[in-house]
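K.L.:
Input: one structure, supplied below.
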Amino acid sequence: MSHRDASQQTVRPEDPTADDLMTANAPQGITLEVLDEETAALVYLAAILAGGSEAQVRGALAGIVGKVRTMWVEELILQTYLFAGFPRALNSAREWRRISGVVAPDVDAFAIDEPGERQRAGEATCATVYGRFYERLRVNIRDLHPALDRWMVEEGYGKVLSRAPLDLARRELCVVAACAIAKQDRQLHSHLHGALHAGASETTVTAALDVVAPLLDADDVRRYQGLWARVLGK
């Protein structure tokens, strides 16, 4: 079926597969020893959504139809607003609906709306990502502004990154891609650590950086390789 044909159909989101349900039940509990093709495609898409042109976004979305499960694509689009802003998230969602033919669900079954639950989930997810640096992070962000600390935990890590349909390891690999293409070195350094803490192996994170490398300048690639070496203590 051509992408033109797909975009003209109205398709409901597919029923969760066994893999989807396993992921949904254990958002922080998987280990990625290698970068499989589906995850590599998701990481590439994360970089394009965060920093690509409109034409690149359309091309990348068209290219992943049928290759990456719908749940993952939609969760990536939702989390894009944290790292690239609402305009990119909205435009990506609009193109995804048009290209894939998948309509939005009637309700958000994975929303974390109760404030206490959102706070607890956010603290747990943020602590997983930052490990032994977590308490220092909270102090540093509070020193910038208490609102930023609250938003980081409740909005970023609670409302968005704790959502069940996409596991934390893959989310962190996508954050690495978004930070790399946006040239946000400080955040990239943190989320390289975070990807390891969330269950991605050294081999997997290296492969994810390789996926993004063709989209970067040579100087950026060298700098990010240096960051990664420092994370690994090399």
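Residues are named by chain letter and number: chains run A, B, ... in the order of the structure tokens, numbers start at 1 in each chain, and ligands are numbered from 1 in the order shown.
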Taking only C-alpha atoms into account, produce a table as JSON lines in which each residue of range 143-214 of chain A with an atom at most 10 Å from an atom of range 118-125 of chain A appears once, together with its shortest atom pair and the distance in Å to one decimal, ordered by chain and rising number.
P.N.:
{"residue": "A:Arg150", "atom": "CA", "partner": "A:Gln119", "partner_atom": "CA", "distance": 8.8}
{"residue": "A:Trp151", "atom": "CA", "partner": "A:Gly122", "partner_atom": "CA", "distance": 9.7}
{"residue": "A:Met152", "atom": "CA", "partner": "A:Gly122", "partner_atom": "CA", "distance": 8.2}
{"residue": "A:Val153", "atom": "CA", "partner": "A:Gly122", "partner_atom": "CA", "distance": 4.8}
{"residue": "A:Glu154", "atom": "CA", "partner": "A:Gln119", "partner_atom": "CA", "distance": 5.2}
{"residue": "A:Glu155", "atom": "CA", "partner": "A:Gly122", "partner_atom": "CA", "distance": 7.7}
{"residue": "A:Gly156", "atom": "CA", "partner": "A:Gly122", "partner_atom": "CA", "distance": 7.4}
{"residue": "A:Tyr157", "atom": "CA", "partner": "A:Gly122", "partner_atom": "CA", "distance": 4.4}
{"residue": "A:Gly158", "atom": "CA", "partner": "A:Gly122", "partner_atom": "CA", "distance": 3.5}
{"residue": "A:Lys159", "atom": "CA", "partner": "A:Arg118", "partner_atom": "CA", "distance": 5.9}
{"residue": "A:Val160", "atom": "CA", "partner": "A:Gly122", "partner_atom": "CA", "distance": 8.7}
{"residue": "A:Leu161", "atom": "CA", "partner": "A:Thr125", "partner_atom": "CA", "distance": 7.4}
{"residue": "A:Ser162", "atom": "CA", "partner": "A:Ala121", "partner_atom": "CA", "distance": 6.3}
{"residue": "A:Arg163", "atom": "CA", "partner": "A:Ala121", "partner_atom": "CA", "distance": 9.1}
{"residue": "A:Leu168", "atom": "CA", "partner": "A:Thr125", "partner_atom": "CA", "distance": 8.1}
{"residue": "A:Ala198", "atom": "CA", "partner": "A:Thr125", "partner_atom": "CA", "distance": 8.9}
K.L.:
Find the nearest atom pair between each residue of range 21-121 of chain A and range 177-183 of chain A for residues within 6 Å, count only C-alpha atoms, give distances in Å to one decimal, sort rows by chain and ascending number, and present the table as a tab-separated table.
P.N.:
residue	atom	partner	partner_atom	distance
A:Ala46	CA	A:Ala178	CA	5.9
A:Ala47	CA	A:Ala178	CA	4.8
A:Ala50	CA	A:Ala178	CA	5.4
A:Gly51	CA	A:Ile181	CA	5.9
K.L.:
Could you please take those selected residues and save N, CA and C atoms as a PDB file, in the first residue's frame?
P.N.:
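Resulting contents of out08.pdb:
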ATOM      1  N   ALA A  46      13.042  10.358  16.488  1.00  0.00           N
ATOM      2  CA  ALA A  46      13.130  11.322  17.586  1.00  0.00           C
ATOM      3  C   ALA A  46      14.012  12.505  17.215  1.00  0.00           C
ATOM      4  N   ALA A  47      15.129  12.230  16.570  1.00  0.00           N
ATOM      5  CA  ALA A  47      16.027  13.306  16.152  1.00  0.00           C
ATOM      6  C   ALA A  47      15.369  14.197  15.108  1.00  0.00           C
ATOM      7  N   ALA A  50      12.659  16.438  16.534  1.00  0.00           N
ATOM      8  CA  ALA A  50      13.196  17.501  17.383  1.00  0.00           C
ATOM      9  C   ALA A  50      13.959  18.566  16.602  1.00  0.00           C
ATOM     10  N   GLY A  51      14.515  18.202  15.448  1.00  0.00           N
ATOM     11  CA  GLY A  51      15.371  19.170  14.769  1.00  0.00           C
ATOM     12  C   GLY A  51      15.315  19.188  13.267  1.00  0.00           C
TER      13      GLY A  51
END
K.L.:
CA of Val68 in chain A and CA of Glu38 in chain A, how far apart in Å?
P.N.:
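Going from CA of Glu38 in chain A over to CA of Val68 in chain A, I get 5.5 Å.
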K.L.:
List the spatial neighbours of Pro87 in chain A as a list in words - criterion: any atom at most 12 Å away, only C-alpha atoms, same-chain residues fewer than 5 positions off excluded.
P.N.:
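Near Pro87 in chain A, the qualifying residues are Leu49, Ala50, Gly51, Glu54, Ile77, Leu78, Thr80, Tyr81, Leu82, Ser92, Ala93 and Arg94 of chain A.
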K.L.:
Enumerate as a PyMOL selection string all residues of range 64-148 of chain A assigned to helix (DSSP H, G or I) by DSSP on the backbone, naming them with the chain letters and numbers the document uses.
P.N.:
chain A and resi 64+70-84+86-100+115-144+146-148
K.L.:
Looking at A:Leu144, A:Ala207, A:Val43, A:Leu196, which one is nearest to Thr128 in chain A, with distances taken over only C-alpha atoms?
P.N.:
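With only C-alpha atoms as the atom set, the closest residue is A:Leu196.
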K.L.:
Between A:Val65, A:Ile30, A:Ala208, A:Leu232, single out the one closest to Cys174 in chain A, counting only C-alpha atoms.
P.N.:
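Selected residue with least distance to Cys174 in chain A: A:Ala208.
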K.L.:
Would you compute the distance between CA of Asp217 in chain A and CA of Thr204 in chain A? Give it in Å to one decimal.
P.N.:
21.7 Å
K.L.:
Quick check, in Å to one decimal: how far apart do CA of Gly131 in chain A and CA of Ala41 in chain A lie?
P.N.:
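Distance reported for this atom pair: 27.4 Å.
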K.L.:
Here is a test: counting only C-alpha atoms, which residue of A:His189, A:Lys234, A:His197, A:Arg170 is nearest to Tyr44 in chain A?
P.N.:
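Nearest candidate to Tyr44 in chain A out of A:His189, A:Lys234, A:His197, A:Arg170: A:Arg170.
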K.L.:
Select, from A:Ala218, A:Val176, A:Val231, A:Ala127, the residue with the minimum atom-to-atom distance to Glu202 in chain A, counting only C-alpha atoms.
P.N.:
A:Val231
K.L.:
Give the answer as one residue: which of A:Ile112, A:Ala55, A:Ile64, A:Leu35 has the shortest atom-to-atom distance to Asn91 in chain A, using only C-alpha atoms?
P.N.:
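For Asn91 in chain A, the nearest of the given residues is A:Ala55.
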